[in-house]
Amino acid sequence: MQIIHRRDFLRLSGATLAVGTASWLTGCARLGQVQPEPTVSGNLTPDFSPDVELALRATSGEVALLDGAPTRVQTFQGEVLNGNAAVLQALPYSYLGPIIRVRRGQNIRVHFTNEIDSETIVHWHGLHVPAAMDGHPRDVIAPGETYVYEFQVNNRAGTYWFHPHPHRRTGPQVYAGLAGLFLVSDDEEAALDLPADEADIPLVIQDRTFDSNNQFVYIPNGIMDQTMGMLGERILVNGQPDYVLPVATRAYRLRLLNGSNSRIYKLAWDDGTPLTVIASDGGLLAQPVQRDFVMLAPGERVELWADFRERAVGTEFQLRSLPFEGIDMDSGMMSGMMDSDSGHSGMMGGDSGHSGMMGGDSGHSGMPHGTQALPNGAELSILTVRVEQNVQDSATLPPQLAPLGFLAPADARNQNAPRTFTVSMGHMEWLLNGRTFEMEAVAQDENVQLGATEMWEFINQEDAQGRLDMMGMAHPIHIHGAPCQIIERTPPSNATLKTNWEAIRAGYIDEGWKDTFLMMPGERVKILLHFADYEGLYLYHCHTLEHEDGGMMRNYRVQA
Ligand code: C2O
Ligand code: CU
Ligand code: CU
């Protein structure tokens with residue numbers, strides 16, 4: 001497998017712009033050469049002194065992913081303009097963007113240039129940055145334009161990521177390949193001596209459907225995929241199918257990101273070894289925790305301590321996603337949809353051909369025909385670990401990791417009267433408190449005070465009578481601008497939903513800082529947030545990207 005960029009294409013659209021941008025960046029028109037002034041927005045402030053200065057482009061290319069024709073993708077390409085070259089690490093043979101590695105406290109400046117054919121903007125998922133640096137959809141730039149980001153990285157050490165955030169186009173752009181990891185380190189983390197370098201492995205989990213010519217297929221089932229979320233038929237890890245991770249007999253730090261548009265995973269080792277979790281969205285936990293399985297919804301990250309010292313060279317094992325009930329098949333909306341959608345039976349044609357992915361079990365009992373081939377909750381193989389080499393390794397798991405500095409619920413100005421946000425579906429629109437996304441709009445109950453600590457409660461669709469409103473689906477809720485603590489989860493009252501919830505709840509990693517949390521059908525989740533440092537408009541939304549694009553996103557405003 002090999003990355004092949006179509007050079008002609010890059011020369012036509014990408015490279016010309018990149019040259020123009022680069023000479024402008026160095027601040028001098030070389031040898032009197034006249035460059036057209038590029039359209040630049042964002043910040044470019046003379047008194048900001050960057051420790052790291054990067055050029056980042058969203059561009060088009062081709063990657064050989066499967067045997068036969070290469071796959072057309074969109075991809076982030078990066079270049080270090082100033083600073084240590086190790087800040088960027090390309091993921092070989094992948095459409096994924098470069099891994100950006102910075103230290104807490106560093107000032108970074110990124111010149112982002114749009115070289116794809118539609119409006120876009122980059123969002124730094126999980127980073128606490130000023131509103132104008134957050135990649136709000138109102139800040140989209142047109143093809144050919146540049147947006148300059150300047151901010152100080154003040155997050156805890158951890159696994160963050162970046163992806164496009166244009167309204168109604170986030171789903172297709174991420175699916176086309178636009179995403180990358182943003183890893184932050186700090187002294188606290190360095191003192192722990194965790195597995196590093198080749199033993200610190202990022203694993204970005206995504207799913208894609210390919211057509212017979214090896215091209216990505218987006219929402220082939222139309223309204224069904226927009227409603228249920230785009231669910232691909234094949235699992236890709238770090239942009240590659242059938243991922244094999246070669247390891248030695250030592251301890252590893254595995255950084256998992258669910259970069260899928262809509263697929264939720266219930267991750268477990270296939271031999272029943274428990275997972276040891278050391279970090280979540282917002283960095284290290286206070287102590288490691290052990291789980292038989294871990295739920296990972298779109299946007300969420302989890303870091304594992306994986307000790308392969310007792311494994312024999314030559315053995316293989318798998319990270320799998322275990323089956324679970326991700327939707328409520330009984331609710332009226334769902335069954336109506338299944339019936340009326342039976343025209344799409346092509347997707348379920350007898351020769352579905354992904355028996356390899358299904359690991360032999362023919363799928364999800366109880367799924368009616370006429371729906372997506374591999375529903376959320378289907379059993380899957382994620383990757384194969386192959387033990388290839390014997391090494392001596394004495395790394396030990398630290399019993400204490402890093403202090404969290406959590407807030408107390410009593411710090412909240414509304415501890416006993418949380419702001420509530422109800423998730424529902426209107427006329428083919430996803431809603432938060434009955435409202436759809438409006439670019440600049442902030443409702444009265446979406447204003448918060450700078451410096452305040454608040455309790456918020458998200459409610460997944462059950463009404464006061466304990467009935468499901470229209471349809472029961474899981475939603476991963478993501479909040480920009482402020483990390484959160486999970487305070488309390490209230491199970492669904494509906495008996496079936498409660499049974500489904502009981503089967504996955506042990507996989508929630510609620511011990512650390514979060515920015516994205518899964519909410520199962522009928523579940524309520526109470527969180528604590530603190531609005532520090534920056535005023536302005538921030539987003540909160542469902543990270544099922546088809547729901548986000550479908551309007552399940554709102555602004556909140558932080559005001560002094
Ligand atoms: Cu990862 Cu608002 O998104
Ligand atoms: Cu985000
Ligand atoms: Cu959703």
# chains A, B, ... in the order shown; residues from 1 in each chain; ligands from 1
>>> residues_around(residues="A:Arg435", least_positions_apart="5", cutoff="9 Å", atoms="only C-alpha atoms", output="count of residues only")
5
>>> residues_near_ligand(ligand="ligand 1", cutoff="10 Å", atoms="only C-alpha atoms and all ligand atoms", output="PyMOL selection string")
chain A and resi 122-126+134-137+160-166+170+174+179+259+298-300+477-481+515-516+538-545+548+553
>>> write_last_selection(atoms="N, CA, C and O atoms", output="short mmCIF file (atom, residue, chain, number, x, y, z; two decimals), in the first residue's frame")
data_model
loop_
_atom_site.label_atom_id
_atom_site.label_comp_id
_atom_site.auth_asym_id
_atom_site.auth_seq_id
_atom_site.Cartn_x
_atom_site.Cartn_y
_atom_site.Cartn_z
N VAL A 122 -11.08 24.55 9.80
CA VAL A 122 -10.55 23.50 10.67
C VAL A 122 -10.92 23.77 12.12
O VAL A 122 -10.75 24.88 12.62
N HIS A 123 -11.40 22.73 12.78
CA HIS A 123 -11.69 22.79 14.21
C HIS A 123 -10.71 21.88 14.96
O HIS A 123 -10.40 20.79 14.49
N TRP A 124 -10.23 22.36 16.11
CA TRP A 124 -9.27 21.62 16.94
C TRP A 124 -10.09 20.97 18.04
O TRP A 124 -10.35 21.59 19.07
N HIS A 125 -10.46 19.74 17.82
CA HIS A 125 -11.42 19.06 18.71
C HIS A 125 -10.79 18.80 20.09
O HIS A 125 -9.82 18.07 20.20
N GLY A 126 -11.41 19.42 21.09
CA GLY A 126 -10.96 19.21 22.48
C GLY A 126 -10.04 20.31 22.99
O GLY A 126 -9.83 20.41 24.20
N ASP A 134 -11.51 28.57 16.94
CA ASP A 134 -12.13 27.28 17.21
C ASP A 134 -12.68 26.59 15.96
O ASP A 134 -13.14 25.46 16.02
N GLY A 135 -12.64 27.28 14.82
CA GLY A 135 -13.16 26.66 13.60
C GLY A 135 -14.67 26.62 13.55
O GLY A 135 -15.26 25.63 13.11
N HIS A 136 -15.31 27.71 13.98
CA HIS A 136 -16.77 27.81 13.90
C HIS A 136 -17.18 27.85 12.43
O HIS A 136 -16.48 28.46 11.60
N PRO A 137 -18.32 27.21 12.10
CA PRO A 137 -18.74 27.19 10.69
C PRO A 137 -18.92 28.58 10.05
O PRO A 137 -18.79 28.71 8.83
N TYR A 160 -5.85 14.72 21.19
CA TYR A 160 -6.88 15.58 20.62
C TYR A 160 -6.85 15.38 19.11
O TYR A 160 -6.02 14.62 18.60
N TRP A 161 -7.73 16.06 18.39
CA TRP A 161 -7.68 15.86 16.93
C TRP A 161 -8.25 17.06 16.21
O TRP A 161 -8.78 17.98 16.85
N PHE A 162 -8.08 17.10 14.91
CA PHE A 162 -8.61 18.22 14.13
C PHE A 162 -9.35 17.68 12.92
O PHE A 162 -9.03 16.62 12.38
N HIS A 163 -10.38 18.42 12.54
CA HIS A 163 -11.21 18.01 11.40
C HIS A 163 -11.98 19.21 10.90
O HIS A 163 -12.09 20.22 11.61
N PRO A 164 -12.56 19.14 9.69
CA PRO A 164 -13.32 20.27 9.17
C PRO A 164 -14.62 20.48 9.96
O PRO A 164 -15.10 19.55 10.60
N HIS A 165 -15.16 21.69 9.87
CA HIS A 165 -16.40 21.99 10.61
C HIS A 165 -17.33 22.93 9.83
O HIS A 165 -17.98 23.79 10.44
N PRO A 166 -17.45 22.81 8.50
CA PRO A 166 -18.38 23.68 7.78
C PRO A 166 -19.80 23.16 7.98
O PRO A 166 -19.99 21.95 8.08
N THR A 170 -19.61 18.80 7.21
CA THR A 170 -18.60 18.13 8.04
C THR A 170 -18.58 16.63 7.75
O THR A 170 -17.51 16.04 7.57
N VAL A 174 -15.13 14.87 6.38
CA VAL A 174 -14.39 13.94 7.24
C VAL A 174 -14.34 12.57 6.56
O VAL A 174 -13.30 11.90 6.53
N ALA A 179 -9.01 14.54 8.44
CA ALA A 179 -8.92 14.41 9.89
C ALA A 179 -7.47 14.15 10.25
O ALA A 179 -6.72 13.60 9.44
N GLY A 259 -12.72 8.06 14.92
CA GLY A 259 -12.86 9.10 13.90
C GLY A 259 -13.94 8.77 12.89
O GLY A 259 -13.98 9.36 11.81
N PRO A 298 -18.25 8.26 18.25
CA PRO A 298 -17.56 9.20 17.37
C PRO A 298 -17.07 10.44 18.11
O PRO A 298 -17.83 11.07 18.84
N GLY A 299 -15.79 10.76 17.92
CA GLY A 299 -15.19 11.93 18.56
C GLY A 299 -14.45 11.59 19.84
O GLY A 299 -13.57 12.34 20.27
N GLU A 300 -14.80 10.48 20.49
CA GLU A 300 -14.18 10.15 21.78
C GLU A 300 -12.79 9.54 21.59
O GLU A 300 -12.52 8.89 20.59
N ILE A 477 -22.64 13.41 22.49
CA ILE A 477 -22.73 14.86 22.60
C ILE A 477 -21.34 15.45 22.82
O ILE A 477 -20.58 14.98 23.66
N HIS A 478 -21.04 16.48 22.05
CA HIS A 478 -19.71 17.12 22.11
C HIS A 478 -19.89 18.60 22.43
O HIS A 478 -20.74 19.26 21.86
N ILE A 479 -19.05 19.09 23.33
CA ILE A 479 -19.12 20.50 23.71
C ILE A 479 -17.78 21.16 23.41
O ILE A 479 -16.73 20.67 23.83
N HIS A 480 -17.83 22.24 22.65
CA HIS A 480 -16.62 23.01 22.34
C HIS A 480 -16.28 23.93 23.50
O HIS A 480 -17.16 24.30 24.27
N GLY A 481 -15.04 24.32 23.57
CA GLY A 481 -14.66 25.44 24.42
C GLY A 481 -14.37 25.12 25.87
O GLY A 481 -13.55 25.77 26.48
N ASP A 515 -14.77 15.65 26.51
CA ASP A 515 -15.40 16.69 25.68
C ASP A 515 -16.51 16.10 24.83
O ASP A 515 -17.26 16.82 24.18
N THR A 516 -16.59 14.77 24.81
CA THR A 516 -17.61 14.07 24.03
C THR A 516 -18.07 12.89 24.89
O THR A 516 -17.24 12.17 25.44
N TYR A 538 -19.46 29.46 21.03
CA TYR A 538 -18.95 28.09 20.94
C TYR A 538 -20.12 27.17 20.58
O TYR A 538 -21.28 27.51 20.78
N LEU A 539 -19.77 26.01 20.10
CA LEU A 539 -20.79 25.06 19.66
C LEU A 539 -20.99 23.94 20.66
O LEU A 539 -20.08 23.59 21.39
N TYR A 540 -22.17 23.39 20.66
CA TYR A 540 -22.39 22.06 21.25
C TYR A 540 -23.24 21.30 20.26
O TYR A 540 -24.11 21.88 19.61
N HIS A 541 -22.96 20.02 20.11
CA HIS A 541 -23.65 19.27 19.05
C HIS A 541 -23.49 17.78 19.22
O HIS A 541 -22.66 17.31 20.00
N CYS A 542 -24.29 17.06 18.42
CA CYS A 542 -24.12 15.61 18.35
C CYS A 542 -22.94 15.34 17.43
O CYS A 542 -22.82 15.93 16.37
N HIS A 543 -22.04 14.42 17.84
CA HIS A 543 -20.88 14.11 17.00
C HIS A 543 -21.14 12.97 16.02
O HIS A 543 -20.22 12.53 15.33
N THR A 544 -22.37 12.48 15.95
CA THR A 544 -22.76 11.69 14.79
C THR A 544 -22.83 12.71 13.67
O THR A 544 -23.67 13.61 13.69
N LEU A 545 -21.89 12.65 12.72
CA LEU A 545 -21.71 13.81 11.84
C LEU A 545 -22.93 14.07 10.97
O LEU A 545 -23.19 15.22 10.61
N GLU A 548 -25.15 16.13 13.18
CA GLU A 548 -24.60 17.49 13.26
C GLU A 548 -24.96 18.27 11.99
O GLU A 548 -25.50 19.38 12.04
N MET A 553 -27.11 20.83 16.31
CA MET A 553 -25.96 21.63 16.73
C MET A 553 -26.51 23.00 17.09
O MET A 553 -27.43 23.51 16.45
#
>>> residues_around(residues="A:Ala142", least_positions_apart="2", cutoff="12 Å", atoms="only C-alpha atoms", output="PyMOL selection string")
chain A and resi 38-41+58+112-121+137-140+144-147+166
>>> residues_around(residues="stretch 80-91 of chain A", least_positions_apart="3", cutoff="9 Å", atoms="only C-alpha atoms", output="JSON, numbers by chain")
{"A": [22, 25, 26, 50, 51, 52, 53, 54, 55, 56, 77, 94, 95, 96, 97, 98, 99, 100, 101, 102, 238, 239]}
>>> closest_residue(among="A:Gly550, A:Gly105, A:Gly314, A:Gly434", to="ligand 3", atoms="only C-alpha atoms and all ligand atoms")
A:Gly550
>>> residues_around(residues="A:Gln449", least_positions_apart="5", cutoff="10 Å", atoms="only C-alpha atoms", output="mmCIF file with N, CA, C and O atoms, in the first residue's frame")
data_model
loop_
_atom_site.group_PDB
_atom_site.id
_atom_site.type_symbol
_atom_site.label_atom_id
_atom_site.label_comp_id
_atom_site.auth_asym_id
_atom_site.auth_seq_id
_atom_site.Cartn_x
_atom_site.Cartn_y
_atom_site.Cartn_z
ATOM 1 N N GLU A 454 -21.124 25.435 35.809
ATOM 2 C CA GLU A 454 -22.535 25.104 35.636
ATOM 3 C C GLU A 454 -22.757 23.607 35.529
ATOM 4 O O GLU A 454 -21.907 22.872 35.041
ATOM 5 N N HIS A 530 -16.912 24.368 33.276
ATOM 6 C CA HIS A 530 -16.416 25.655 33.763
ATOM 7 C C HIS A 530 -15.991 26.485 32.556
ATOM 8 O O HIS A 530 -15.215 26.023 31.721
ATOM 9 N N PHE A 531 -16.525 27.700 32.448
ATOM 10 C CA PHE A 531 -16.273 28.524 31.258
ATOM 11 C C PHE A 531 -15.157 29.513 31.550
ATOM 12 O O PHE A 531 -15.386 30.582 32.100
ATOM 13 N N ALA A 532 -13.945 29.117 31.184
ATOM 14 C CA ALA A 532 -12.765 29.902 31.551
ATOM 15 C C ALA A 532 -12.209 30.655 30.351
ATOM 16 O O ALA A 532 -12.352 30.229 29.205
ATOM 17 N N GLU A 535 -14.342 34.677 25.914
ATOM 18 C CA GLU A 535 -15.732 34.988 25.582
ATOM 19 C C GLU A 535 -16.020 34.558 24.149
ATOM 20 O O GLU A 535 -15.105 34.316 23.383
ATOM 21 N N ARG A 557 -23.168 31.081 24.113
ATOM 22 C CA ARG A 557 -22.306 32.256 24.156
ATOM 23 C C ARG A 557 -21.742 32.451 25.565
ATOM 24 O O ARG A 557 -22.489 32.438 26.544
ATOM 25 N N VAL A 558 -20.431 32.621 25.635
ATOM 26 C CA VAL A 558 -19.786 32.944 26.904
ATOM 27 C C VAL A 558 -19.637 34.462 26.956
ATOM 28 O O VAL A 558 -19.075 35.071 26.044
ATOM 29 N N GLN A 559 -20.190 35.056 28.021
ATOM 30 C CA GLN A 559 -20.190 36.515 28.135
ATOM 31 C C GLN A 559 -19.568 36.963 29.442
ATOM 32 O O GLN A 559 -19.816 36.357 30.480
ATOM 33 N N ALA A 560 -18.811 38.039 29.378
ATOM 34 C CA ALA A 560 -18.227 38.578 30.606
ATOM 35 C C ALA A 560 -19.316 39.258 31.429
ATOM 36 O O ALA A 560 -20.303 39.727 30.877
#
>>> closest_residue(among="A:Asp207, A:Glu546, A:Asp281, A:Asp187", to="ligand 2", atoms="only C-alpha atoms and all ligand atoms")
A:Asp281
>>> closest_residue(among="A:Leu383, A:Ile235, A:Ala297, A:Leu257", to="A:Thr159", atoms="only C-alpha atoms")
A:Leu257
>>> residues_around(residues="A:Leu231", least_positions_apart="2", cutoff="10 Å", atoms="only C-alpha atoms", output="list in words")
Gln206, Asp207, Arg208, Thr209, Tyr218, Ile219, Pro220, Asp225, Gln226, Met228, Gly229, Glu233, Arg234, Ile235, Ser260, Asn261, Ser262, Arg263, Ile264, Gln372, Ala373, Leu374, Pro375 and Asn376 of chain A
>>> write_last_selection(atoms="C-alpha atoms", output="PDB file, in the first residue's frame")
ATOM      1  CA  GLN A 206     -13.011   4.682  11.003  1.00  0.00           C
ATOM      2  CA  ASP A 207     -15.425   2.859   8.719  1.00  0.00           C
ATOM      3  CA  ARG A 208     -15.892   3.274   4.987  1.00  0.00           C
ATOM      4  CA  THR A 209     -17.992   1.760   2.216  1.00  0.00           C
ATOM      5  CA  TYR A 218     -21.160   8.373   1.116  1.00  0.00           C
ATOM      6  CA  ILE A 219     -24.778   7.975   2.270  1.00  0.00           C
ATOM      7  CA  PRO A 220     -25.772   5.365  -0.354  1.00  0.00           C
ATOM      8  CA  ASP A 225     -28.056   7.026   6.291  1.00  0.00           C
ATOM      9  CA  GLN A 226     -28.712  10.652   7.129  1.00  0.00           C
ATOM     10  CA  MET A 228     -29.123   6.566  11.289  1.00  0.00           C
ATOM     11  CA  GLY A 229     -25.744   8.077  10.453  1.00  0.00           C
ATOM     12  CA  GLU A 233     -19.015  -1.629   5.696  1.00  0.00           C
ATOM     13  CA  ARG A 234     -15.285  -1.910   6.337  1.00  0.00           C
ATOM     14  CA  ILE A 235     -13.196  -0.893   9.298  1.00  0.00           C
ATOM     15  CA  SER A 260     -15.904   7.438  12.346  1.00  0.00           C
ATOM     16  CA  ASN A 261     -18.819   9.560  11.199  1.00  0.00           C
ATOM     17  CA  SER A 262     -21.428   7.586  13.126  1.00  0.00           C
ATOM     18  CA  ARG A 263     -20.241   4.182  14.238  1.00  0.00           C
ATOM     19  CA  ILE A 264     -20.037   3.408  17.948  1.00  0.00           C
ATOM     20  CA  GLN A 372     -27.906  -0.540   6.416  1.00  0.00           C
ATOM     21  CA  ALA A 373     -25.759  -3.566   5.811  1.00  0.00           C
ATOM     22  CA  LEU A 374     -23.782  -3.307   9.017  1.00  0.00           C
ATOM     23  CA  PRO A 375     -25.824  -1.492  11.652  1.00  0.00           C
ATOM     24  CA  ASN A 376     -24.474   0.259  14.704  1.00  0.00           C
TER      25      ASN A 376
END
>>> closest_residue(among="A:Thr436, A:Thr227, A:Ser321, A:Gln290", to="ligand 3", atoms="only C-alpha atoms and all ligand atoms")
A:Thr227
>>> closest_residue(among="A:Ala412, A:Ile327, A:Ala268, A:Val387", to="ligand 3", atoms="only C-alpha atoms and all ligand atoms")
A:Ile327
